[in-house]
file model37.txt (compact mmCIF, C-alpha atoms and all ligand atoms)
# COMPACT_ATOMS: atom_id res chain seq x y z
CA MET R 1 53.09 25.54 -111.87
CA ILE R 2 54.45 22.26 -110.73
CA GLU R 3 57.51 20.25 -111.71
CA VAL R 4 57.54 16.46 -111.68
CA TYR R 5 60.72 14.69 -110.56
CA LYS R 6 61.23 10.98 -111.03
CA PHE R 7 63.88 9.01 -109.18
CA GLY R 8 64.61 5.54 -110.53
CA GLY R 9 65.74 2.42 -108.72
CA ALA R 10 69.44 3.19 -109.21
CA SER R 11 69.12 6.58 -107.49
CA VAL R 12 67.73 5.01 -104.29
CA LYS R 13 69.62 1.73 -104.27
CA ASP R 14 71.02 2.30 -100.77
CA ALA R 15 70.94 4.74 -97.84
CA GLU R 16 73.54 6.96 -99.53
CA GLY R 17 71.25 7.21 -102.56
CA VAL R 18 68.35 8.43 -100.42
CA LYS R 19 70.63 11.01 -98.75
CA ASN R 20 71.73 12.12 -102.20
CA LEU R 21 68.10 12.53 -103.26
CA VAL R 22 67.80 15.13 -100.50
CA ARG R 23 70.82 16.96 -101.93
CA VAL R 24 69.21 16.98 -105.36
CA LEU R 25 66.04 18.47 -103.91
CA GLU R 26 67.98 21.05 -101.93
CA ASN R 27 69.75 22.15 -105.09
CA ASN R 28 66.43 22.60 -106.84
CA LYS R 29 63.97 23.88 -104.30
CA ASP R 30 62.51 26.91 -106.02
CA LYS R 31 59.37 25.27 -107.46
CA ASN R 32 56.46 23.12 -106.28
CA LYS R 33 57.09 19.48 -106.94
CA LEU R 34 55.56 16.07 -107.27
CA ILE R 35 58.13 13.33 -106.72
CA VAL R 36 57.72 9.89 -108.26
CA VAL R 37 59.97 7.14 -106.91
CA SER R 38 60.65 3.59 -108.12
CA ALA R 39 61.45 0.53 -106.05
CA MET R 40 64.92 0.59 -104.47
CA GLY R 41 67.79 -0.84 -106.52
CA LYS R 42 66.90 -4.22 -107.97
CA THR R 43 63.90 -4.80 -105.68
CA THR R 44 61.49 -5.43 -108.58
CA ASN R 45 63.71 -8.27 -109.84
CA ALA R 46 63.91 -9.65 -106.30
CA LEU R 47 60.12 -9.52 -105.95
CA GLU R 48 59.76 -11.33 -109.27
CA VAL R 49 61.65 -14.20 -107.62
CA VAL R 50 59.17 -14.05 -104.72
CA VAL R 51 56.29 -14.31 -107.23
CA ASN R 52 57.83 -17.39 -108.82
CA ASP R 53 58.63 -19.04 -105.48
CA TYR R 54 55.11 -18.38 -104.27
CA LEU R 55 53.46 -19.75 -107.40
CA ASN R 56 55.69 -22.80 -107.04
CA GLY R 57 54.07 -23.47 -103.69
CA LEU R 58 56.18 -21.58 -101.12
CA GLN R 59 54.03 -19.60 -98.67
CA SER R 60 56.89 -17.78 -96.96
CA PRO R 61 59.79 -17.92 -99.39
CA GLU R 62 63.39 -17.23 -98.39
CA SER R 63 63.49 -14.74 -101.26
CA LEU R 64 61.05 -12.53 -99.34
CA SER R 65 63.30 -12.53 -96.27
CA GLU R 66 66.06 -11.19 -98.51
CA VAL R 67 63.87 -8.32 -99.67
CA LYS R 68 63.08 -7.52 -96.03
CA LEU R 69 66.73 -7.58 -95.03
CA PHE R 70 67.70 -5.33 -97.94
CA HIS R 71 65.20 -2.67 -96.82
CA ARG R 72 66.09 -3.11 -93.16
CA ASN R 73 69.71 -2.26 -93.99
CA ILE R 74 68.63 0.87 -95.82
CA LEU R 75 66.43 1.90 -92.87
CA ASP R 76 69.35 1.36 -90.47
CA GLY R 77 71.52 3.57 -92.67
CA LEU R 78 68.98 6.41 -92.55
CA PHE R 79 67.37 6.45 -89.11
CA HIS R 80 68.84 6.54 -85.62
CA HIS R 81 66.84 3.88 -83.86
CA ASP R 82 64.36 1.21 -84.79
CA GLN R 83 61.57 2.73 -82.71
CA GLU R 84 60.97 5.37 -85.35
CA PRO R 85 57.49 5.06 -86.93
CA VAL R 86 58.94 4.31 -90.36
CA TYR R 87 60.09 0.86 -89.17
CA PHE R 88 56.55 0.11 -88.12
CA LYS R 89 55.12 1.37 -91.44
CA VAL R 90 57.51 -0.78 -93.48
CA ASP R 91 56.74 -3.80 -91.26
CA GLN R 92 53.06 -3.22 -91.87
CA LEU R 93 53.57 -3.25 -95.64
CA PHE R 94 55.43 -6.55 -95.41
CA THR R 95 52.61 -7.93 -93.24
CA GLU R 96 50.10 -6.85 -95.86
CA LEU R 97 52.15 -8.65 -98.50
CA GLU R 98 52.35 -11.79 -96.35
CA ASN R 99 48.60 -11.68 -95.80
CA PHE R 100 48.14 -11.62 -99.55
CA LEU R 101 50.40 -14.67 -99.90
CA GLN R 102 48.38 -16.52 -97.28
CA HIS R 103 44.87 -15.69 -98.41
CA ASN R 104 45.16 -15.32 -102.17
CA LYS R 105 43.27 -17.95 -104.15
CA SER R 106 44.21 -16.88 -107.67
CA ASN R 107 46.88 -18.70 -109.62
CA LYS R 108 46.81 -16.21 -112.47
CA TYR R 109 50.45 -15.25 -112.89
CA ASP R 110 50.00 -11.67 -114.08
CA PHE R 111 47.46 -10.82 -111.39
CA VAL R 112 49.56 -12.30 -108.59
CA TYR R 113 52.63 -10.57 -110.02
CA ASP R 114 51.10 -7.10 -109.74
CA GLN R 115 49.76 -7.66 -106.22
CA ILE R 116 53.25 -8.66 -105.02
CA VAL R 117 55.71 -6.62 -107.07
CA SER R 118 53.95 -3.30 -106.35
CA PHE R 119 55.16 -3.48 -102.74
CA GLY R 120 58.63 -2.46 -103.95
CA GLU R 121 57.35 1.01 -104.77
CA LEU R 122 55.08 1.26 -101.72
CA ILE R 123 58.01 0.48 -99.42
CA SER R 124 60.55 2.72 -101.16
CA THR R 125 58.28 5.77 -101.10
CA THR R 126 57.41 5.17 -97.44
CA ILE R 127 61.11 5.19 -96.55
CA VAL R 128 61.96 8.21 -98.70
CA SER R 129 58.97 10.21 -97.44
CA ASP R 130 59.81 9.63 -93.78
CA TYR R 131 63.46 10.37 -94.35
CA LEU R 132 62.59 13.68 -96.04
CA ASN R 133 60.46 14.56 -93.02
CA THR R 134 63.39 13.97 -90.66
CA ARG R 135 65.38 16.36 -92.84
CA ASN R 136 62.64 19.00 -92.47
CA ILE R 137 61.42 18.55 -96.01
CA THR R 138 57.74 18.25 -95.14
CA ASN R 139 55.94 16.13 -97.67
CA ASN R 140 52.75 14.32 -98.37
CA TRP R 141 52.84 10.57 -99.17
CA LEU R 142 50.31 9.58 -101.82
CA ASP R 143 49.19 6.13 -102.88
CA ALA R 144 49.49 6.24 -106.68
CA ARG R 145 46.72 3.62 -106.90
CA ASP R 146 44.24 6.28 -105.82
CA PHE R 147 45.15 8.31 -108.90
CA ILE R 148 46.39 6.15 -111.76
CA LYS R 149 43.31 4.24 -112.89
CA THR R 150 43.79 1.49 -115.43
CA ASP R 151 42.13 -1.48 -117.07
CA SER R 152 42.81 -4.98 -115.73
CA THR R 153 45.61 -6.00 -118.10
CA TYR R 154 47.89 -7.00 -115.23
CA ARG R 155 51.60 -6.37 -115.91
CA ASP R 156 50.78 -4.16 -118.89
CA ALA R 157 47.90 -2.06 -117.65
CA GLN R 158 46.42 0.55 -119.96
CA VAL R 159 45.65 3.91 -118.42
CA ASN R 160 42.08 5.13 -118.22
CA TRP R 161 42.88 8.77 -118.89
CA THR R 162 39.46 10.19 -118.07
CA ARG R 163 39.26 8.58 -114.64
CA THR R 164 42.92 9.31 -113.89
CA GLN R 165 42.48 12.96 -114.81
CA GLU R 166 39.40 13.21 -112.57
CA LYS R 167 41.13 11.60 -109.60
CA ILE R 168 44.17 13.84 -109.92
CA LEU R 169 42.08 17.01 -110.20
CA ASP R 170 39.83 15.99 -107.30
CA LEU R 171 42.28 14.54 -104.81
CA LEU R 172 45.77 15.90 -105.39
CA ASP R 173 46.84 19.19 -103.84
CA PRO R 174 49.61 20.52 -106.11
CA GLY R 175 50.48 23.17 -103.53
CA LYS R 176 52.17 20.55 -101.36
CA LEU R 177 55.35 18.58 -101.89
CA ASN R 178 53.80 15.26 -102.86
CA ILE R 179 55.66 11.99 -103.10
CA THR R 180 54.24 8.92 -104.79
CA GLN R 181 55.08 5.63 -106.50
CA GLY R 182 55.96 5.05 -110.10
CA PHE R 183 54.89 1.94 -112.02
CA ILE R 184 51.68 1.14 -110.12
CA GLY R 185 47.99 1.90 -110.52
CA SER R 186 44.69 0.21 -109.85
CA ASP R 187 41.79 -1.17 -111.85
CA SER R 188 38.07 -0.58 -111.44
CA ASN R 189 37.91 -3.21 -108.66
CA ASN R 190 40.80 -1.47 -106.90
CA PHE R 191 43.19 -4.35 -107.49
CA THR R 192 46.74 -3.21 -108.01
CA THR R 193 48.02 -3.08 -111.59
CA THR R 194 51.44 -2.28 -113.03
CA LEU R 195 52.30 -0.35 -116.18
CA GLY R 196 55.08 -2.63 -117.46
CA ARG R 197 58.70 -2.96 -116.39
CA GLU R 198 60.51 0.36 -116.11
CA GLY R 199 57.12 2.06 -116.09
CA SER R 200 57.92 4.74 -113.51
CA ASP R 201 59.00 7.21 -116.17
CA TYR R 202 55.57 6.75 -117.68
CA SER R 203 53.91 7.38 -114.30
CA ALA R 204 55.79 10.67 -114.05
CA ALA R 205 54.50 11.64 -117.49
CA ILE R 206 50.90 10.70 -116.59
CA PHE R 207 50.98 12.90 -113.48
CA ALA R 208 52.65 15.71 -115.44
CA TYR R 209 50.03 15.54 -118.17
CA CYS R 210 47.10 15.62 -115.75
CA LEU R 211 48.64 18.43 -113.68
CA ASN R 212 49.70 20.51 -116.71
CA ALA R 213 53.18 20.42 -115.22
CA GLU R 214 55.90 22.80 -116.28
CA SER R 215 58.42 20.00 -116.86
CA VAL R 216 59.40 16.45 -115.96
CA THR R 217 62.91 15.57 -114.82
CA ILE R 218 64.07 11.99 -114.60
CA TRP R 219 67.19 11.56 -112.47
CA LYS R 220 69.45 8.80 -113.75
CA ASP R 221 72.88 7.29 -113.24
CA VAL R 222 73.97 8.75 -116.60
CA PRO R 223 74.55 12.42 -117.54
CA GLY R 224 71.49 12.36 -119.81
CA VAL R 225 70.42 10.59 -122.97
CA LEU R 226 73.56 9.39 -124.73
CA ASN R 227 73.90 8.43 -128.38
CA ALA R 228 74.42 4.81 -127.28
CA ASP R 229 73.87 2.59 -124.27
CA PRO R 230 77.09 2.99 -122.26
CA ARG R 231 76.85 -0.64 -121.08
CA TYR R 232 77.43 -1.90 -124.60
CA PHE R 233 79.18 0.91 -126.46
CA GLU R 234 82.36 2.68 -125.53
CA LYS R 235 82.59 6.44 -125.96
CA ALA R 236 78.88 7.17 -125.80
CA GLN R 237 78.27 10.92 -126.18
CA LEU R 238 75.72 13.14 -124.47
CA LEU R 239 72.83 14.46 -126.56
CA ASN R 240 71.97 17.99 -125.42
CA LYS R 241 68.64 18.32 -127.15
CA ILE R 242 66.23 15.87 -128.72
CA SER R 243 62.88 16.55 -130.33
CA TYR R 244 59.88 14.59 -129.04
CA GLU R 245 59.63 12.71 -132.34
CA GLU R 246 63.26 11.68 -132.21
CA ALA R 247 63.05 10.63 -128.56
CA ILE R 248 59.92 8.57 -129.31
CA GLU R 249 61.81 6.83 -132.11
CA LEU R 250 64.85 6.15 -129.90
CA ALA R 251 62.72 4.80 -127.05
CA PHE R 252 60.63 2.74 -129.47
CA TYR R 253 63.72 1.11 -130.96
CA GLY R 254 64.79 0.21 -127.43
CA ALA R 255 66.91 3.01 -125.93
CA SER R 256 66.05 1.84 -122.44
CA VAL R 257 66.96 5.14 -120.80
CA ILE R 258 63.36 6.36 -121.33
CA HIS R 259 60.29 4.15 -121.13
CA PRO R 260 58.71 4.27 -124.61
CA LYS R 261 55.25 5.34 -123.44
CA THR R 262 56.59 8.34 -121.54
CA LEU R 263 56.87 10.77 -124.40
CA GLN R 264 53.46 10.85 -126.07
CA PRO R 265 51.57 12.47 -123.17
CA LEU R 266 54.35 15.02 -122.74
CA GLN R 267 54.44 15.84 -126.42
CA ARG R 268 50.68 16.36 -126.50
CA LYS R 269 50.99 19.18 -123.97
CA GLU R 270 54.50 20.23 -125.00
CA ILE R 271 55.83 19.56 -121.51
CA PRO R 272 59.64 19.35 -121.70
CA LEU R 273 61.43 16.29 -120.32
CA PHE R 274 64.87 16.60 -118.78
CA VAL R 275 67.12 13.61 -118.22
CA ARG R 276 69.78 14.50 -115.66
CA SER R 277 72.39 12.83 -113.49
CA PHE R 278 71.56 12.37 -109.82
CA MET R 279 75.29 12.15 -109.19
CA ASP R 280 75.92 15.61 -110.63
CA PRO R 281 72.73 17.61 -110.22
CA ILE R 282 74.02 20.92 -111.64
CA PRO R 283 74.30 20.32 -115.44
CA MET R 284 71.03 20.34 -117.34
CA GLY R 285 71.62 16.95 -119.01
CA THR R 286 69.37 16.29 -121.98
CA ALA R 287 66.27 18.29 -122.86
CA VAL R 288 63.56 16.58 -124.85
CA SER R 289 61.25 19.22 -126.24
CA LYS R 290 59.59 20.68 -129.31
CA GLY R 291 62.05 21.15 -132.12
CA ASP R 292 63.97 19.35 -134.78
CA GLY R 293 66.11 16.20 -134.65
CA ILE R 294 68.98 15.90 -132.23
CA ASP R 295 71.83 18.09 -131.11
CA PRO R 296 74.62 17.19 -131.77
CA ALA R 297 73.55 15.50 -135.01
CA ILE R 298 75.39 12.18 -134.65
CA PRO R 299 74.44 8.54 -135.25
CA CYS R 300 72.58 6.91 -132.33
CA PHE R 301 73.11 3.23 -131.51
CA ILE R 302 70.49 1.12 -129.80
CA VAL R 303 70.69 -2.52 -128.84
CA LYS R 304 68.00 -4.90 -127.64
CA LYS R 305 69.44 -8.14 -126.36
CA ASN R 306 67.67 -11.45 -126.01
CA GLN R 307 65.23 -11.12 -128.89
CA VAL R 308 63.74 -13.89 -131.00
CA LEU R 309 63.98 -14.13 -134.77
CA ILE R 310 61.04 -16.05 -136.20
CA SER R 311 60.92 -17.16 -139.85
CA LEU R 312 57.64 -18.32 -141.30
CA SER R 313 56.62 -19.68 -144.66
CA SER R 314 53.43 -21.26 -145.89
CA LEU R 315 53.23 -25.04 -145.76
CA ASP R 316 52.28 -25.28 -149.43
CA PHE R 317 54.63 -22.58 -150.79
CA SER R 318 51.73 -20.25 -151.43
CA PHE R 319 52.41 -16.54 -151.15
CA MET R 320 52.65 -14.79 -147.80
CA VAL R 321 49.99 -12.17 -148.38
CA GLU R 322 47.45 -10.14 -146.44
CA GLU R 323 45.41 -13.08 -145.25
CA ASN R 324 48.23 -15.09 -143.64
CA ILE R 325 50.06 -11.98 -142.44
CA SER R 326 46.98 -10.72 -140.64
CA GLU R 327 46.56 -14.16 -139.04
CA ILE R 328 50.19 -14.02 -137.87
CA PHE R 329 49.70 -10.59 -136.32
CA ARG R 330 46.55 -11.67 -134.59
CA LEU R 331 48.56 -14.42 -132.90
CA PHE R 332 51.39 -12.06 -131.96
CA HIS R 333 48.82 -9.86 -130.29
CA GLN R 334 47.14 -12.79 -128.56
CA TYR R 335 50.48 -13.97 -127.11
CA GLN R 336 51.65 -10.43 -126.24
CA MET R 337 54.70 -10.54 -128.49
CA LYS R 338 56.23 -7.13 -129.08
CA VAL R 339 57.23 -6.92 -132.72
CA ASP R 340 60.52 -5.10 -133.36
CA LEU R 341 61.21 -5.68 -137.02
CA ILE R 342 59.45 -7.23 -140.02
CA GLN R 343 60.79 -8.43 -143.36
CA ASN R 344 58.80 -10.33 -145.93
CA SER R 345 59.26 -11.82 -149.38
CA ALA R 346 56.87 -13.71 -151.65
CA ILE R 347 56.94 -16.94 -149.68
CA SER R 348 58.56 -16.08 -146.37
CA PHE R 349 58.00 -13.73 -143.49
CA ARG R 350 60.62 -12.93 -140.88
CA VAL R 351 60.06 -11.03 -137.73
CA CYS R 352 62.14 -10.12 -134.71
CA VAL R 353 60.14 -10.09 -131.48
CA ASP R 354 60.57 -9.44 -127.80
CA ASN R 355 59.33 -12.43 -125.80
CA LYS R 356 58.53 -10.24 -122.78
CA PHE R 357 55.73 -12.38 -121.43
CA ASN R 358 57.35 -15.80 -121.99
CA GLN R 359 54.72 -17.05 -124.36
CA LEU R 360 57.01 -18.07 -127.23
CA GLU R 361 56.42 -21.82 -126.92
CA LYS R 362 52.66 -21.42 -127.04
CA LEU R 363 52.86 -19.03 -129.98
CA VAL R 364 55.11 -21.37 -131.96
CA GLN R 365 52.78 -24.30 -131.33
CA HIS R 366 49.90 -22.28 -132.62
CA LEU R 367 51.81 -21.00 -135.67
CA LYS R 368 52.95 -24.50 -136.60
CA ALA R 369 49.39 -25.52 -137.39
CA ARG R 370 49.46 -23.21 -140.40
CA PHE R 371 53.07 -22.37 -141.25
CA LYS R 372 56.51 -23.78 -141.48
CA VAL R 373 58.23 -22.19 -138.49
CA ASN R 374 61.87 -21.66 -137.62
CA TYR R 375 63.05 -19.55 -134.75
CA LYS R 376 66.23 -18.52 -133.05
CA THR R 377 66.30 -17.18 -129.50
CA GLY R 378 69.01 -15.05 -127.90
CA VAL R 379 69.59 -12.82 -130.92
CA SER R 380 70.33 -9.09 -130.66
CA LEU R 381 68.66 -6.30 -132.52
CA TYR R 382 70.88 -3.32 -133.31
CA THR R 383 69.45 -0.08 -134.60
CA ILE R 384 71.40 2.93 -135.83
CA ARG R 385 69.40 6.13 -136.26
CA HIS R 386 71.05 8.68 -138.58
CA PHE R 387 73.54 6.09 -139.68
CA SER R 388 76.73 6.68 -141.64
CA GLU R 389 78.62 4.06 -143.65
CA GLN R 390 81.36 4.19 -141.04
CA ALA R 391 78.91 3.57 -138.21
CA ILE R 392 77.54 0.49 -140.00
CA THR R 393 80.99 -0.91 -140.74
CA GLU R 394 82.05 -0.45 -137.16
CA LEU R 395 78.96 -2.16 -135.82
CA GLU R 396 79.13 -5.07 -138.26
CA LYS R 397 82.71 -6.00 -137.53
CA ASP R 398 82.94 -9.12 -135.34
CA LYS R 399 79.18 -9.83 -135.64
CA VAL R 400 77.21 -12.42 -137.58
CA VAL R 401 74.37 -10.51 -139.24
CA LEU R 402 71.22 -12.59 -139.74
CA LEU R 403 69.00 -9.89 -141.17
CA LYS R 404 69.52 -6.28 -142.18
CA GLN R 405 67.07 -3.56 -143.11
CA LEU R 406 67.75 -0.01 -144.26
CA THR R 407 65.38 2.92 -144.44
CA GLN R 408 66.30 6.52 -145.08
CA ASN R 409 67.19 7.34 -141.49
CA THR R 410 67.57 4.01 -139.82
CA VAL R 411 69.42 0.76 -140.25
CA GLN R 412 68.47 -2.31 -138.24
CA MET R 413 70.39 -5.55 -137.92
CA VAL R 414 69.57 -8.78 -136.19
CA THR R 415 72.78 -10.45 -135.11
CA GLU R 416 73.64 -13.81 -133.62
CA ASN R 417 74.39 -12.50 -130.15
P1 LIG F 1 66.28 3.98 -113.52
O1 LIG F 1 67.17 4.02 -112.32
O2 LIG F 1 65.52 5.23 -113.72
O3 LIG F 1 65.43 2.76 -113.58
P2 LIG F 1 67.44 2.84 -115.85
O4 LIG F 1 68.40 1.84 -115.37
O5 LIG F 1 66.10 2.38 -116.33
O6 LIG F 1 67.26 3.94 -114.73
O7 LIG F 1 68.07 3.73 -116.99
C1 LIG F 1 69.39 4.18 -116.93
C2 LIG F 1 70.30 3.26 -117.70
O8 LIG F 1 69.89 3.22 -119.06
C3 LIG F 1 71.72 3.71 -117.76
O9 LIG F 1 72.46 3.27 -116.66
C4 LIG F 1 72.23 3.10 -119.07
O10 LIG F 1 72.94 1.92 -118.81
C5 LIG F 1 70.97 2.73 -119.82
N1 LIG F 1 70.89 3.30 -121.17
C6 LIG F 1 70.47 2.62 -122.27
N2 LIG F 1 70.48 3.40 -123.34
C7 LIG F 1 70.93 4.62 -122.94
C8 LIG F 1 71.16 5.85 -123.61
N3 LIG F 1 70.93 6.00 -124.91
N4 LIG F 1 71.59 6.90 -122.88
C9 LIG F 1 71.80 6.78 -121.56
N5 LIG F 1 71.62 5.64 -120.87
C10 LIG F 1 71.20 4.56 -121.54
N1 LIG F 2 60.44 -0.78 -110.30
C1 LIG F 2 59.94 -1.01 -111.64
C2 LIG F 2 60.95 -1.78 -112.46
O1 LIG F 2 62.06 -2.01 -111.99
C3 LIG F 2 59.53 0.25 -112.34
C4 LIG F 2 60.64 1.22 -112.64
O2 LIG F 2 61.68 1.17 -111.99
O3 LIG F 2 60.47 2.06 -113.51
O4 LIG F 2 60.63 -2.18 -113.54
MG MG F 3 64.58 1.35 -114.20
call {"tool": "encode", "arguments": {"input": "model37.txt", "output": "structure tokens"}}
result
Amino acid sequence: MIEVYKFGGASVKDAEGVKNLVRVLENNKDKNKLIVVSAMGKTTNALEVVVNDYLNGLQSPESLSEVKLFHRNILDGLFHHDQEPVYFKVDQLFTELENFLQHNKSNKYDFVYDQIVSFGELISTTIVSDYLNTRNITNNWLDARDFIKTDSTYRDAQVNWTRTQEKILDLLDPGKLNITQGFIGSDSNNFTTTLGREGSDYSAAIFAYCLNAESVTIWKDVPGVLNADPRYFEKAQLLNKISYEEAIELAFYGASVIHPKTLQPLQRKEIPLFVRSFMDPIPMGTAVSKGDGIDPAIPCFIVKKNQVLISLSSLDFSFMVEENISEIFRLFHQYQMKVDLIQNSAISFRVCVDNKFNQLEKLVQHLKARFKVNYKTGVSLYTIRHFSEQAITELEKDKVVLLKQLTQNTVQMVTEN
């Protein structure tokens, strides 16, 4: 049986990170593995700047030179001299990217985005694979686009499970140490697609599902899944065990430590997911598996920043009922708004959404034809799973609450910032 390991951007943000990855593998070398790696550090953000510069008319943007320099420094920190083949391979990838910039005719943002941003993962895995070879960890570099087959929804590609399963069964030798990219796939015309930001966890789950893997481990800069995002909450505590259902809920509400789509395929085959620290590879971190609730049973806090609160009412004070609500949802879907929270009364409808694809203006224009529309950007959505009165009081202090909703297990609040 095979184990799938996923290393995120933070784990390979510099040469030291790549050396540490080797230590992690050396500490855990008993089983066959498939390794999924993200782009290095903040490369995806940097490539998003390249996309914007390019679509604003720059053929060889300065922002691309910065991406090159960043990787050159990592190469210099890992290899002895610049005649090693890996330098040539990385150069070739950049040339391929530059060729795309020169010859591409499409101005479709999402398409161009995927063709450019995917190079982050292609480059990172090339560097990691060659470095492992120099450390006598013989491995096989795979192009994830030969395996993960998707539709053509660029930037949010949906997996074609049947074709992906076939490709993995036909072309992947699980007896080798394979290393491949997270986040990327390809459509039926073999154009590159991406699975959505932070999608490498999901890639690891897709491979695990198709390979009937024994487990998936995602190596992070935190000891495991905590009961709160340590960037926003002090004293976050480690959760030792979480059921699939609970982890799906946490990820859905926005616990960004696990990509929300990761868990369903694992749950279907009861493949356990471990979240462990790449800085301390001995403790087992968090196990997500079959079972009940969370251990320890404590409130979990989740925050999503930069959301939009939209309030709608009918122009003629008629009721907000099925007909208008279904129209509203059709528009949310059309403009790729991710709905976080809904609250409605007889004549008004409020919804908190994630404007991931920057289509808010267009949506609002469209909505205004039929509804009275108010909206507020830059709000935060806080969720407490398994809340206590004390947890709510603590969260509410020093915040302006715009909307609050309680269900048996969960309280959600939209706050001013
Ligand atoms: P990767 O390097 O795999 O891309 P991410 O940055 O996506 O890693 O995820 C790790 C980060 O997720 C942590 O540094 C932490 O700030 C954040 N995070 C948010 N919610 C949680 C949580 N509940 N538990 C642990 N980390 C969390
Ligand atoms: N590199 C991609 C991103 O930063 C995918 C990932 O890291 O999961 O979104
Ligand atoms: Mg990430």
call {"tool": "axis_aligned_box", "arguments": {"input": "model37.txt", "around": "stretch 29-37 of chain R", "padding_each_side": "3 Å", "output": "AutoDock Vina command-line options"}}
result
--center_x 59.8 --center_y 17.0 --center_z -106.3 --size_x 14.4 --size_y 25.8 --size_z 10.0
call {"tool": "atom_distance", "arguments": {"input": "model37.txt", "atom1": "atom CA of R:Asp295", "atom2": "atom O4 of ligand LIG 2 (chain F)"}}
result
29.1 Å
call {"tool": "residues_near_ligand", "arguments": {"input": "model37.txt", "ligand": "ligand LIG 1 (chain F)", "cutoff": "6 Å", "atoms": "all atoms listed in the file", "output": "PyMOL selection string"}}
result
chain R and resi 8-11+198+220-222+224-231+255-257
call {"tool": "residues_near_ligand", "arguments": {"input": "model37.txt", "ligand": "ligand LIG 2 (chain F)", "cutoff": "10 Å", "atoms": "all atoms listed in the file", "output": "ChimeraX atom specification"}}
result
/R:6-10,36-48,117-121,124,181-184,194-204,258-259
call {"tool": "residues_around", "arguments": {"input": "model37.txt", "residues": "stretch 348-355 of chain R", "least_positions_apart": "5", "cutoff": "10 Å", "atoms": "all atoms listed in the file", "output": "VMD selection string"}}
result
chain R and resid 304 to 314 317 to 321 324 to 325 328 332 335 to 343 360 to 361 371 to 377 379 to 381 403 413 to 414
call {"tool": "closest_residue", "arguments": {"input": "model37.txt", "among": "R:Ile218, R:Met1, R:Leu97, R:Ala346", "to": "ligand MG 3 (chain F)", "atoms": "all atoms listed in the file"}}
result
R:Ile218
call {"tool": "atom_distance", "arguments": {"input": "model37.txt", "atom1": "atom CA of R:Gln412", "atom2": "atom CA of R:Arg268"}}
result
28.3 Å
call {"tool": "atom_distance", "arguments": {"input": "model37.txt", "atom1": "atom CA of R:Pro272", "atom2": "atom CA of R:Leu122"}}
result
27.3 Å
call {"tool": "residues_around", "arguments": {"input": "model37.txt", "residues": "R:Lys31", "least_positions_apart": "3", "cutoff": "12 Å", "atoms": "only C-alpha atoms", "output": "VMD selection string"}}
result
chain R and resid 1 to 5 25 to 28 34 174 to 177 213 to 215
call {"tool": "closest_residue", "arguments": {"input": "model37.txt", "among": "R:Gly185, R:Val12, R:Ser63, R:Leu171", "to": "ligand MG 3 (chain F)", "atoms": "all atoms listed in the file"}}
result
R:Val12
call {"tool": "residues_around", "arguments": {"input": "model37.txt", "residues": "stretch 384-397 of chain R", "least_positions_apart": "3", "cutoff": "10 Å", "atoms": "all atoms listed in the file", "output": "number ranges by chain"}}
result
R: 227-228, 233, 246, 249-250, 253, 293-294, 297-303, 400-401, 406-413, 415
call {"tool": "write_last_selection", "arguments": {"input": "model37.txt", "atoms": "C-alpha atoms", "output": "PDB file, keeping the file's coordinate frame"}}
result
ATOM      1  CA  ASN R 227      73.900   8.430-128.380  1.00  0.00           C
ATOM      2  CA  ALA R 228      74.420   4.810-127.280  1.00  0.00           C
ATOM      3  CA  PHE R 233      79.180   0.910-126.460  1.00  0.00           C
ATOM      4  CA  GLU R 246      63.260  11.680-132.210  1.00  0.00           C
ATOM      5  CA  GLU R 249      61.810   6.830-132.110  1.00  0.00           C
ATOM      6  CA  LEU R 250      64.850   6.150-129.900  1.00  0.00           C
ATOM      7  CA  TYR R 253      63.720   1.110-130.960  1.00  0.00           C
ATOM      8  CA  GLY R 293      66.110  16.200-134.650  1.00  0.00           C
ATOM      9  CA  ILE R 294      68.980  15.900-132.230  1.00  0.00           C
ATOM     10  CA  ALA R 297      73.550  15.500-135.010  1.00  0.00           C
ATOM     11  CA  ILE R 298      75.390  12.180-134.650  1.00  0.00           C
ATOM     12  CA  PRO R 299      74.440   8.540-135.250  1.00  0.00           C
ATOM     13  CA  CYS R 300      72.580   6.910-132.330  1.00  0.00           C
ATOM     14  CA  PHE R 301      73.110   3.230-131.510  1.00  0.00           C
ATOM     15  CA  ILE R 302      70.490   1.120-129.800  1.00  0.00           C
ATOM     16  CA  VAL R 303      70.690  -2.520-128.840  1.00  0.00           C
ATOM     17  CA  VAL R 400      77.210 -12.420-137.580  1.00  0.00           C
ATOM     18  CA  VAL R 401      74.370 -10.510-139.240  1.00  0.00           C
ATOM     19  CA  LEU R 406      67.750  -0.010-144.260  1.00  0.00           C
ATOM     20  CA  THR R 407      65.380   2.920-144.440  1.00  0.00           C
ATOM     21  CA  GLN R 408      66.300   6.520-145.080  1.00  0.00           C
ATOM     22  CA  ASN R 409      67.190   7.340-141.490  1.00  0.00           C
ATOM     23  CA  THR R 410      67.570   4.010-139.820  1.00  0.00           C
ATOM     24  CA  VAL R 411      69.420   0.760-140.250  1.00  0.00           C
ATOM     25  CA  GLN R 412      68.470  -2.310-138.240  1.00  0.00           C
ATOM     26  CA  MET R 413      70.390  -5.550-137.920  1.00  0.00           C
ATOM     27  CA  THR R 415      72.780 -10.450-135.110  1.00  0.00           C
TER      28      THR R 415
END
call {"tool": "closest_residue", "arguments": {"input": "model37.txt", "among": "R:His80, R:Glu270, R:Trp219, R:Asn73", "to": "ligand MG 3 (chain F)", "atoms": "only C-alpha atoms and all ligand atoms"}}
result
R:Trp219
call {"tool": "closest_residue", "arguments": {"input": "model37.txt", "among": "R:Ser106, R:Ser243, R:Ser289, R:Thr217", "to": "R:Val275", "atoms": "all atoms listed in the file"}}
result
R:Thr217
